[in-house]
Structures are given as C-alpha cells and as structure tokens.
>>> print(open('work.cif').read())   # mmCIF, C-alpha atoms and all ligand atoms
data_input
loop_
_atom_site.group_PDB
_atom_site.id
_atom_site.type_symbol
_atom_site.label_atom_id
_atom_site.label_comp_id
_atom_site.auth_asym_id
_atom_site.auth_seq_id
_atom_site.Cartn_x
_atom_site.Cartn_y
_atom_site.Cartn_z
ATOM 1 C CA MET K 5 -79.372 71.584 60.522
ATOM 2 C CA ASN K 6 -77.981 74.101 58.032
ATOM 3 C CA GLU K 7 -77.560 77.844 58.557
ATOM 4 C CA LEU K 8 -80.969 78.724 57.114
ATOM 5 C CA GLN K 9 -82.722 76.097 59.242
ATOM 6 C CA ASN K 10 -81.011 77.407 62.398
ATOM 7 C CA LYS K 11 -82.061 80.949 61.523
ATOM 8 C CA ILE K 12 -85.684 79.775 61.121
ATOM 9 C CA LEU K 13 -85.610 77.907 64.452
ATOM 10 C CA ALA K 14 -84.303 80.987 66.275
ATOM 11 C CA LEU K 15 -86.769 83.377 64.601
ATOM 12 C CA LYS K 16 -89.788 81.133 65.148
ATOM 13 C CA LYS K 17 -89.177 81.321 68.926
ATOM 14 C CA GLN K 18 -88.659 85.082 68.855
ATOM 15 C CA ARG K 19 -91.826 85.631 66.781
ATOM 16 C CA ASP K 20 -93.918 83.149 68.794
ATOM 17 C CA CYS K 21 -94.790 81.129 65.717
ATOM 18 C CA LEU K 22 -95.927 77.512 65.295
ATOM 19 C CA ILE K 23 -94.625 75.787 62.174
ATOM 20 C CA LEU K 24 -96.714 72.854 60.949
ATOM 21 C CA ALA K 25 -95.776 70.636 58.002
ATOM 22 C CA HIS K 26 -97.615 67.961 56.037
ATOM 23 C CA TYR K 27 -96.009 64.544 55.500
ATOM 24 C CA TYR K 28 -95.701 65.301 51.764
ATOM 25 C CA GLN K 29 -93.489 68.352 52.374
ATOM 26 C CA PRO K 30 -89.753 68.280 51.535
ATOM 27 C CA LEU K 31 -87.714 66.750 54.381
ATOM 28 C CA ASP K 32 -85.682 69.947 55.027
ATOM 29 C CA VAL K 33 -89.019 71.749 55.599
ATOM 30 C CA GLN K 34 -90.300 68.987 57.912
ATOM 31 C CA ASP K 35 -87.090 69.326 59.917
ATOM 32 C CA VAL K 36 -87.886 72.908 61.019
ATOM 33 C CA ALA K 37 -91.524 72.139 61.873
ATOM 34 C CA ASP K 38 -92.866 71.856 65.430
ATOM 35 C CA ALA K 39 -95.113 69.045 64.206
ATOM 36 C CA VAL K 40 -95.494 66.979 61.050
ATOM 37 C CA GLY K 41 -98.798 65.257 60.295
ATOM 38 C CA ASP K 42 -101.640 64.497 57.930
ATOM 39 C CA SER K 43 -104.326 67.087 57.254
ATOM 40 C CA PHE K 44 -106.497 65.895 60.158
ATOM 41 C CA ALA K 45 -103.714 66.099 62.744
ATOM 42 C CA LEU K 46 -102.572 69.471 61.393
ATOM 43 C CA ALA K 47 -106.107 70.899 61.548
ATOM 44 C CA LYS K 48 -106.420 69.850 65.196
ATOM 45 C CA LEU K 49 -102.986 71.263 66.070
ATOM 46 C CA ALA K 50 -103.836 74.543 64.345
ATOM 47 C CA GLN K 51 -107.129 74.723 66.253
ATOM 48 C CA SER K 52 -105.388 74.404 69.628
ATOM 49 C CA ALA K 53 -102.356 76.567 68.801
ATOM 50 C CA THR K 54 -101.528 79.180 71.418
ATOM 51 C CA GLN K 55 -98.731 80.898 69.497
ATOM 52 C CA ARG K 56 -99.306 84.286 67.826
ATOM 53 C CA SER K 57 -98.912 82.952 64.317
ATOM 54 C CA ILE K 58 -98.988 79.684 62.377
ATOM 55 C CA ILE K 59 -96.942 78.829 59.296
ATOM 56 C CA MET K 60 -98.730 75.976 57.492
ATOM 57 C CA CYS K 61 -96.268 74.190 55.225
ATOM 58 C CA GLY K 62 -98.638 72.476 52.847
ATOM 59 C CA VAL K 63 -101.174 73.625 50.283
ATOM 60 C CA ARG K 64 -103.771 76.404 50.386
ATOM 61 C CA PHE K 65 -106.735 74.473 51.792
ATOM 62 C CA MET K 66 -104.652 73.469 54.830
ATOM 63 C CA ALA K 67 -103.699 77.071 55.620
ATOM 64 C CA GLU K 68 -107.331 78.110 55.106
ATOM 65 C CA SER K 69 -108.492 75.395 57.544
ATOM 66 C CA ALA K 70 -105.978 76.621 60.139
ATOM 67 C CA LYS K 71 -107.285 80.196 59.790
ATOM 68 C CA ILE K 72 -110.915 79.069 59.965
ATOM 69 C CA LEU K 73 -110.352 76.931 63.083
ATOM 70 C CA ASN K 74 -108.239 79.530 64.873
ATOM 71 C CA PRO K 75 -109.251 82.898 63.376
ATOM 72 C CA GLY K 76 -107.400 85.023 65.934
ATOM 73 C CA LYS K 77 -104.025 83.797 64.638
ATOM 74 C CA THR K 78 -101.994 85.135 61.764
ATOM 75 C CA VAL K 79 -101.716 82.194 59.371
ATOM 76 C CA TYR K 80 -99.185 81.960 56.550
ATOM 77 C CA LEU K 81 -98.962 79.647 53.566
ATOM 78 C CA PRO K 82 -95.232 79.877 52.704
ATOM 79 C CA ALA K 83 -95.603 79.051 48.983
ATOM 80 C CA ALA K 84 -98.537 81.284 48.068
ATOM 81 C CA ASP K 85 -99.242 79.413 44.814
ATOM 82 C CA ALA K 86 -99.313 75.930 46.399
ATOM 83 C CA GLY K 87 -102.831 74.781 45.568
ATOM 84 C CA CYS K 88 -104.539 71.412 45.336
ATOM 85 C CA PRO K 89 -105.705 70.294 41.879
ATOM 86 C CA MET K 90 -108.331 68.064 43.551
ATOM 87 C CA ALA K 91 -109.764 71.035 45.499
ATOM 88 C CA ASP K 92 -109.941 72.986 42.229
ATOM 89 C CA THR K 93 -112.292 70.418 40.657
ATOM 90 C CA ILE K 94 -115.290 71.695 42.652
ATOM 91 C CA GLY K 95 -116.937 74.987 43.528
ATOM 92 C CA PRO K 96 -119.834 75.854 45.880
ATOM 93 C CA ASP K 97 -122.333 75.908 42.986
ATOM 94 C CA ASP K 98 -121.577 72.239 42.236
ATOM 95 C CA VAL K 99 -122.427 71.340 45.842
ATOM 96 C CA LEU K 100 -125.591 73.434 45.808
ATOM 97 C CA ALA K 101 -126.732 71.717 42.595
ATOM 98 C CA LEU K 102 -126.230 68.284 44.188
ATOM 99 C CA LYS K 103 -128.115 69.378 47.313
ATOM 100 C CA LYS K 104 -131.025 70.435 45.122
ATOM 101 C CA GLN K 105 -130.968 67.076 43.351
ATOM 102 C CA TYR K 106 -130.763 65.082 46.630
ATOM 103 C CA PRO K 107 -132.592 67.173 49.269
ATOM 104 C CA GLU K 108 -132.539 64.345 51.867
ATOM 105 C CA ALA K 109 -128.773 63.875 51.658
ATOM 106 C CA ALA K 110 -126.075 65.226 53.982
ATOM 107 C CA VAL K 111 -122.994 66.686 52.287
ATOM 108 C CA VAL K 112 -119.656 65.294 53.450
ATOM 109 C CA CYS K 113 -116.798 67.331 52.126
ATOM 110 C CA TYR K 114 -113.218 66.068 52.046
ATOM 111 C CA VAL K 115 -110.961 68.710 53.630
ATOM 112 C CA ASN K 116 -109.102 68.907 50.327
ATOM 113 C CA SER K 117 -111.519 71.600 49.179
ATOM 114 C CA SER K 118 -111.869 75.377 49.282
ATOM 115 C CA ALA K 119 -113.380 77.269 52.223
ATOM 116 C CA ALA K 120 -116.302 78.200 49.959
ATOM 117 C CA VAL K 121 -117.098 74.506 49.350
ATOM 118 C CA LYS K 122 -116.762 73.675 53.050
ATOM 119 C CA ALA K 123 -119.140 76.531 53.838
ATOM 120 C CA VAL K 124 -121.992 74.926 51.867
ATOM 121 C CA SER K 125 -121.291 71.389 53.174
ATOM 122 C CA ASP K 126 -122.661 69.805 56.360
ATOM 123 C CA ILE K 127 -119.447 68.300 57.670
ATOM 124 C CA CYS K 128 -115.828 67.834 56.600
ATOM 125 C CA CYS K 129 -113.736 64.686 56.739
ATOM 126 C CA THR K 130 -110.169 63.589 56.096
ATOM 127 C CA SER K 131 -109.076 60.219 54.763
ATOM 128 C CA SER K 132 -108.454 59.089 58.339
ATOM 129 C CA SER K 133 -111.854 60.233 59.611
ATOM 130 C CA ALA K 134 -114.097 59.744 56.526
ATOM 131 C CA GLU K 135 -115.607 56.409 57.552
ATOM 132 C CA LYS K 136 -116.331 57.587 61.090
ATOM 133 C CA VAL K 137 -117.827 60.855 59.824
ATOM 134 C CA VAL K 138 -120.141 59.089 57.346
ATOM 135 C CA ARG K 139 -121.271 56.605 60.030
ATOM 136 C CA SER K 140 -121.958 59.464 62.471
ATOM 137 C CA LEU K 141 -124.644 61.015 60.245
ATOM 138 C CA PRO K 142 -128.325 60.093 60.596
ATOM 139 C CA ASN K 143 -128.973 60.527 56.830
ATOM 140 C CA ARG K 144 -129.029 57.412 54.655
ATOM 141 C CA GLN K 145 -128.035 59.386 51.556
ATOM 142 C CA ILE K 146 -124.631 61.031 51.623
ATOM 143 C CA ILE K 147 -123.258 63.362 48.962
ATOM 144 C CA PHE K 148 -119.493 62.835 49.109
ATOM 145 C CA VAL K 149 -117.326 65.537 47.486
ATOM 146 C CA PRO K 150 -114.966 65.937 45.717
ATOM 147 C CA ASP K 151 -112.909 62.693 45.711
ATOM 148 C CA LYS K 152 -114.719 59.897 43.866
ATOM 149 C CA ASN K 153 -112.029 57.359 44.820
ATOM 150 C CA LEU K 154 -112.171 57.993 48.554
ATOM 151 C CA GLY K 155 -115.969 58.169 48.279
ATOM 152 C CA ALA K 156 -116.120 54.774 46.531
ATOM 153 C CA TYR K 157 -113.829 53.282 49.185
ATOM 154 C CA ILE K 158 -116.121 54.576 51.959
ATOM 155 C CA ALA K 159 -119.214 53.334 50.087
ATOM 156 C CA LYS K 160 -117.741 49.824 50.152
ATOM 157 C CA HIS K 161 -117.087 49.996 53.899
ATOM 158 C CA VAL K 162 -120.370 51.617 54.896
ATOM 159 C CA PRO K 163 -122.865 49.715 52.701
ATOM 160 C CA GLU K 164 -125.867 50.847 54.761
ATOM 161 C CA LYS K 165 -125.438 54.367 53.295
ATOM 162 C CA GLU K 166 -126.115 55.442 49.732
ATOM 163 C CA ILE K 167 -123.056 57.435 48.732
ATOM 164 C CA ILE K 168 -123.545 59.908 45.887
ATOM 165 C CA LEU K 169 -120.186 60.612 44.286
ATOM 166 C CA TYR K 170 -118.814 63.724 42.611
ATOM 167 C CA ASN K 171 -116.456 63.316 39.685
ATOM 168 C CA GLY K 172 -113.317 64.752 41.323
ATOM 169 C CA CYS K 173 -110.048 63.112 42.271
ATOM 170 C CA CYS K 174 -106.434 63.693 43.187
ATOM 171 C CA PRO K 175 -104.606 63.552 39.839
ATOM 172 C CA ILE K 176 -101.473 62.270 41.591
ATOM 173 C CA HIS K 177 -103.129 59.257 43.272
ATOM 174 C CA ASP K 178 -105.634 58.644 40.460
ATOM 175 C CA ALA K 179 -102.759 58.311 37.969
ATOM 176 C CA VAL K 180 -101.643 55.028 39.586
ATOM 177 C CA SER K 181 -102.735 52.051 37.493
ATOM 178 C CA VAL K 182 -102.953 48.324 38.047
ATOM 179 C CA SER K 183 -99.940 47.937 35.739
ATOM 180 C CA ASP K 184 -97.947 50.179 38.105
ATOM 181 C CA VAL K 185 -98.894 47.787 40.932
ATOM 182 C CA GLU K 186 -97.913 44.758 38.868
ATOM 183 C CA ALA K 187 -94.600 46.372 37.883
ATOM 184 C CA ALA K 188 -93.830 47.185 41.540
ATOM 185 C CA LYS K 189 -94.726 43.639 42.660
ATOM 186 C CA LYS K 190 -92.393 42.256 39.989
ATOM 187 C CA SER K 191 -89.542 44.625 40.891
ATOM 188 C CA TYR K 192 -89.925 44.154 44.649
ATOM 189 C CA PRO K 193 -91.209 40.598 45.229
ATOM 190 C CA GLY K 194 -92.369 39.678 48.706
ATOM 191 C CA THR K 195 -92.989 43.283 49.788
ATOM 192 C CA THR K 196 -96.116 44.531 51.563
ATOM 193 C CA LEU K 197 -98.194 47.040 49.560
ATOM 194 C CA LEU K 198 -99.690 49.980 51.487
ATOM 195 C CA VAL K 199 -102.064 52.212 49.514
ATOM 196 C CA HIS K 200 -103.930 55.493 50.093
ATOM 197 C CA PRO K 201 -107.712 55.450 49.411
ATOM 198 C CA GLU K 202 -107.333 58.390 46.996
ATOM 199 C CA CYS K 203 -106.044 55.738 44.567
ATOM 200 C CA ARG K 204 -108.486 54.032 42.207
ATOM 201 C CA GLU K 205 -110.582 51.161 43.543
ATOM 202 C CA GLU K 206 -108.823 48.567 41.353
ATOM 203 C CA VAL K 207 -105.471 49.679 42.797
ATOM 204 C CA SER K 208 -106.694 49.651 46.414
ATOM 205 C CA GLU K 209 -108.074 46.147 45.871
ATOM 206 C CA LYS K 210 -104.550 44.866 45.209
ATOM 207 C CA ALA K 211 -103.128 46.363 48.425
ATOM 208 C CA ASP K 212 -102.299 44.555 51.659
ATOM 209 C CA TYR K 213 -103.459 47.644 53.560
ATOM 210 C CA VAL K 214 -105.477 50.726 52.573
ATOM 211 C CA GLY K 215 -105.422 53.783 54.803
ATOM 212 C CA SER K 216 -104.662 57.458 55.308
ATOM 213 C CA THR K 217 -101.117 58.796 55.280
ATOM 214 C CA ALA K 218 -100.985 58.479 59.063
ATOM 215 C CA GLY K 219 -102.405 54.947 58.757
ATOM 216 C CA ILE K 220 -99.762 53.958 56.191
ATOM 217 C CA LEU K 221 -96.988 55.299 58.431
ATOM 218 C CA ALA K 222 -98.345 53.395 61.417
ATOM 219 C CA ALA K 223 -98.728 50.168 59.390
ATOM 220 C CA ALA K 224 -95.131 50.374 58.162
ATOM 221 C CA ARG K 225 -93.780 51.188 61.630
ATOM 222 C CA LYS K 226 -95.666 48.377 63.360
ATOM 223 C CA GLY K 227 -95.665 45.803 60.564
ATOM 224 C CA SER K 228 -93.555 42.651 60.717
ATOM 225 C CA SER K 229 -92.544 42.815 57.034
ATOM 226 C CA ASP K 230 -89.042 44.113 56.293
ATOM 227 C CA ALA K 231 -89.913 45.647 52.910
ATOM 228 C CA TYR K 232 -92.851 47.809 51.777
ATOM 229 C CA VAL K 233 -94.140 49.411 48.607
ATOM 230 C CA ILE K 234 -95.675 52.773 49.495
ATOM 231 C CA GLY K 235 -98.776 53.715 47.515
ATOM 232 C CA THR K 236 -98.950 57.403 48.291
ATOM 233 C CA GLU K 237 -96.916 60.554 47.718
ATOM 234 C CA ASN K 238 -93.178 59.923 47.855
ATOM 235 C CA GLY K 239 -92.737 62.184 50.898
ATOM 236 C CA VAL K 240 -94.037 59.258 52.975
ATOM 237 C CA THR K 241 -91.484 56.881 51.438
ATOM 238 C CA ASP K 242 -88.758 59.445 52.275
ATOM 239 C CA ILE K 243 -89.898 59.738 55.914
ATOM 240 C CA LEU K 244 -89.971 55.960 56.411
ATOM 241 C CA SER K 245 -86.638 55.346 54.664
ATOM 242 C CA ARG K 246 -84.938 57.844 56.945
ATOM 243 C CA GLU K 247 -86.711 56.735 60.122
ATOM 244 C CA LEU K 248 -86.469 52.958 59.706
ATOM 245 C CA PRO K 249 -83.155 52.088 58.004
ATOM 246 C CA GLN K 250 -83.574 48.428 59.064
ATOM 247 C CA LYS K 251 -86.586 48.147 56.703
ATOM 248 C CA ARG K 252 -86.744 48.830 52.961
ATOM 249 C CA PHE K 253 -89.290 51.175 51.361
ATOM 250 C CA PHE K 254 -90.004 51.548 47.656
ATOM 251 C CA PRO K 255 -92.317 54.045 45.932
ATOM 252 C CA LEU K 256 -95.230 52.464 44.047
ATOM 253 C CA LYS K 257 -94.302 54.828 41.209
ATOM 254 C CA PRO K 258 -91.007 56.716 40.913
ATOM 255 C CA ASP K 259 -92.876 59.926 39.988
ATOM 256 C CA PHE K 260 -95.495 59.691 42.779
ATOM 257 C CA VAL K 261 -94.977 63.367 43.568
ATOM 258 C CA CYS K 262 -97.381 66.216 44.296
ATOM 259 C CA ALA K 263 -95.651 69.225 42.717
ATOM 260 C CA ASP K 264 -97.733 71.644 44.802
ATOM 261 C CA MET K 265 -96.660 69.997 48.063
ATOM 262 C CA LYS K 266 -93.017 70.367 47.025
ATOM 263 C CA LYS K 267 -93.255 74.111 46.379
ATOM 264 C CA THR K 268 -92.433 75.150 49.969
ATOM 265 C CA THR K 269 -88.818 76.210 50.479
ATOM 266 C CA LEU K 270 -86.898 77.215 53.591
ATOM 267 C CA ALA K 271 -86.543 80.696 52.053
ATOM 268 C CA ASP K 272 -90.366 80.936 51.907
ATOM 269 C CA ILE K 273 -90.647 80.041 55.598
ATOM 270 C CA LEU K 274 -88.021 82.621 56.508
ATOM 271 C CA ALA K 275 -89.905 85.223 54.454
ATOM 272 C CA CYS K 276 -93.070 84.511 56.507
ATOM 273 C CA LEU K 277 -91.136 84.897 59.761
ATOM 274 C CA GLU K 278 -89.615 88.164 58.547
ATOM 275 C CA GLY K 279 -93.080 89.522 57.736
ATOM 276 C CA ASN K 280 -92.541 89.426 53.975
ATOM 277 C CA ARG K 281 -95.567 87.310 53.098
ATOM 278 C CA THR K 282 -99.275 88.157 53.101
ATOM 279 C CA PRO K 283 -101.250 86.188 55.705
ATOM 280 C CA ILE K 284 -104.368 84.187 54.766
ATOM 281 C CA GLU K 285 -107.557 86.254 54.725
ATOM 282 C CA LEU K 286 -111.045 84.893 53.998
ATOM 283 C CA PRO K 287 -114.494 86.514 53.828
ATOM 284 C CA GLU K 288 -116.177 86.344 57.263
ATOM 285 C CA ALA K 289 -119.345 84.592 56.002
ATOM 286 C CA GLU K 290 -117.261 81.900 54.288
ATOM 287 C CA MET K 291 -115.192 81.395 57.444
ATOM 288 C CA GLN K 292 -118.279 80.969 59.604
ATOM 289 C CA GLY K 293 -119.869 78.395 57.297
ATOM 290 C CA ALA K 294 -116.655 76.456 56.807
ATOM 291 C CA ARG K 295 -115.873 76.526 60.562
ATOM 292 C CA LYS K 296 -119.142 74.781 61.318
ATOM 293 C CA SER K 297 -118.231 71.929 58.918
ATOM 294 C CA LEU K 298 -114.676 71.644 60.213
ATOM 295 C CA GLU K 299 -115.645 71.781 63.886
ATOM 296 C CA ARG K 300 -118.231 69.032 63.337
ATOM 297 C CA MET K 301 -115.478 66.876 61.836
ATOM 298 C CA VAL K 302 -113.100 67.490 64.746
ATOM 299 C CA ALA K 303 -115.926 66.710 67.212
ATOM 300 C CA VAL K 304 -116.568 63.305 65.573
ATOM 301 C CA ASP K 305 -113.017 62.119 66.316
HETATM 302 S S1 LIG C 1 -101.507 64.990 46.735
HETATM 303 FE FE1 LIG C 1 -103.430 65.282 45.592
HETATM 304 S S2 LIG C 1 -104.962 65.807 47.124
HETATM 305 FE FE2 LIG C 1 -102.931 66.100 48.077
HETATM 306 S S3 LIG C 1 -102.460 68.252 47.709
HETATM 307 FE FE3 LIG C 1 -101.547 67.128 46.000
HETATM 308 S S4 LIG C 1 -103.152 67.168 44.419
HETATM 309 FE FE4 LIG C 1 -104.154 67.750 46.330
#
>>> encode(input="work.cif", output="structure tokens", more="lines below")
Ligand code: SF4
Amino acid sequence: MNELQNKILALKKQRDCLILAHYYQPLDVQDVADAVGDSFALAKLAQSATQRSIIMCGVRFMAESAKILNPGKTVYLPAADAGCPMADTIGPDDVLALKKQYPEAAVVCYVNSSAAVKAVSDICCTSSSAEKVVRSLPNRQIIFVPDKNLGAYIAKHVPEKEIILYNGCCPIHDAVSVSDVEAAKKSYPGTTLLVHPECREEVSEKADYVGSTAGILAAARKGSSDAYVIGTENGVTDILSRELPQKRFFPLKPDFVCADMKKTTLADILACLEGNRTPIELPEAEMQGARKSLERMVAVD
C-alpha cells in the first residue's frame, strides 16, 4: 500500500464508509475497496450496507443503483463523469414506445441503464442473472433493453420466450470481431477462450465458455487449463494475472479497455472521504420506480 492508499484506509474507518469497486476498476483502486465484484454483487452489497456512506468505484449507473437500493446512505461516485456509453443508448421514451408496440411483453432492463429507464421497466437483470430473470417471468414476450448482444445470447438459451431486442450495445465488447478471436488463437495456441455475453454472437460462438465477469473469473480459477484468453475488459485479465501467477492470461484484444471504468483515481476516493464531492441525488419518483425493478431482480437470485 502507498501513502495515499493508507490515508484512504484510515479515513474510511473514521468516516464509517464502505468502498465498493467493480472488477474493471484500476488495481490500485480495487486494493482500497472493502469488496470487489460485478454489478450484481455490488448492488447486493450496497443494499445490505450498514455504514453511513458508500463510495461506488465504477460508473454512474452503479452508484445510482446503490442509492436506489439503500436510499438512507450517502452514495458517492468518485469520478463524477464516469458514465456508460451503453446506458446512454436508451432513454425512458424508447422503453415506453416498445411497451406500446408490445403490450403483452414484460420489460427486462439490463442494470447498465439509467434510473429513469429502470423506472419504466418491469425488472432489472445483470449478465449473471439475465437468464434466471427472463425464465422467472410469466410473459412469453420479453422486451430486452438495451444490450442486443446479451439479449440475443439469452434468446438462444431461453427459446420458449420471444425476446424483442433493442439496438443498444457496449461499444467496448461489441468492437471485438471474429478476426480478433482468430488472431488471439494464432498468437496463443492451446489456450482456453472465455468470453462475456456483451460480445457479438459470432464471437461468443467461438468461445470455450461464455459468462458474466464473475463467471469468467470462476471459470479461470477452477479450470484445468494453464493458459486463458480473456474476452472481457482488461481489468479481469489484470486481476487473474496477479492472483494466479501459475497460469497465463492474455487479453482477447490489447485495447479491451473501458475508458469510463478507468477514470476513478485514488485522489477522487480521498476527495469523497474528505467531503469534497457531491453525493448522488435522484428524483424521488424515479427512485421508487427503479427500486421496484432492482428489488425484483435481487429477489430472483
Ligand atoms: S464496459 Fe461497456 S457496459 Fe461496462 S461500463 Fe464500460 S461501456 Fe458500459
């Protein structure tokens, strides 16, 4: 730990603050967190937090979810401009238009979306819970927003449902092509390919395993292979390389990086602890609607 990290650790105790970090965050940020996880695990931890405040090291929708699930807490997003380009592809009016077009359908909303979009959806999901969430609904028609790649992956696994897709995606995962997979297989022969379902269908089809960030970590930890190509944000490759030096991990693409996830700095976290950042605030009506969708998701697990 460096001087700044030690200062953060001491202050977080004094200020009764829980620091949560996503797997895609820089490693020095993960090192000062009380828990590191995917968006589903972080949402559940935020919901049950007993501390006075929560610092959510991630992007805006994660901090919003923490506030919605535990509204009595002061919630900070350390890098105030850390957004999610996938979440920005959809607004509540897009969901309402789809609902009008498909009145029998339930709306499943990936957590990578704004509070306003969650508020007009029936239930949220994460990549680790999406299949279970879709199966849990009585409706045959499901409007799945905003990630068309994750939606298509779920449609393949739950064929009894008609999944209506929205044309959104994560630009970081969607940018991976089959030629990237072929190049990685050529550079690292004999490795096991683990891919996130936010990647395109043709990329997922070439993988040995497709799953959420937590699923990819578990597969690499438990797997018998000694070398893996990691088909998600490079933060996961960094975690595995540090944790399992006896195995080798290669990024599917060298530039598999979410710039927004890398915005958080230790100085930002310190600024939150020192009271120099504005906490997350959301309109009450939006919070209530979004809470219903998030709580339904947590209850399905
Ligand atoms: S990796 Fe993709 S989905 Fe995740 S925060 Fe970045 S842009 Fe959004």
>>> resolve_selection(input="work.cif", expression="the PyMOL selection byres (((chain K and resi 129-135) around 6) and not hetatm)", output="ChimeraX atom specification")
/K:44,114-115,128,136-138,158,216,301
>>> write_last_selection(input="work.cif", atoms="C-alpha atoms", output="PDB file, in the coordinates of the input")
ATOM      1  CA  PHE K  44    -106.497  65.895  60.158  1.00  0.00           C
ATOM      2  CA  TYR K 114    -113.218  66.068  52.046  1.00  0.00           C
ATOM      3  CA  VAL K 115    -110.961  68.710  53.630  1.00  0.00           C
ATOM      4  CA  CYS K 128    -115.828  67.834  56.600  1.00  0.00           C
ATOM      5  CA  LYS K 136    -116.331  57.587  61.090  1.00  0.00           C
ATOM      6  CA  VAL K 137    -117.827  60.855  59.824  1.00  0.00           C
ATOM      7  CA  VAL K 138    -120.141  59.089  57.346  1.00  0.00           C
ATOM      8  CA  ILE K 158    -116.121  54.576  51.959  1.00  0.00           C
ATOM      9  CA  SER K 216    -104.662  57.458  55.308  1.00  0.00           C
ATOM     10  CA  MET K 301    -115.478  66.876  61.836  1.00  0.00           C
TER      11      MET K 301
END
>>> axis_aligned_box(input="work.cif", around="stretch 79-93 of chain K", padding_each_side="4 Å", output="lines of an AutoDock Vina configuration file")
center_x = -103.8
center_y = 75.1
center_z = 50.0
size_x = 25.1
size_y = 22.1
size_z = 26.7
>>> residues_near_ligand(input="work.cif", ligand="ligand LIG 1 (chain C)", cutoff="7 Å", atoms="all atoms listed in the file", output="list in words")
Val63, Gly87, Cys88, Pro89, Met90, Ala91, Asn116, Cys174, Pro175, Ile176, His177, Glu237, Cys262, Asp264 and Met265 of chain K
>>> atom_distance(input="work.cif", atom1="atom CA of K:Lys122", atom2="atom CA of K:Ala294")
4.7 Å
>>> resolve_selection(input="work.cif", expression="the PyMOL selection byres (((chain K and resi 182-194) around 7) and not hetatm)", output="list in words")
Val180, Ser181, Thr195, Thr196, Glu206, Val207, Leu256 and Lys257 of chain K
>>> atom_distance(input="work.cif", atom1="atom CA of K:Asn153", atom2="atom CA of K:Leu198")
15.8 Å
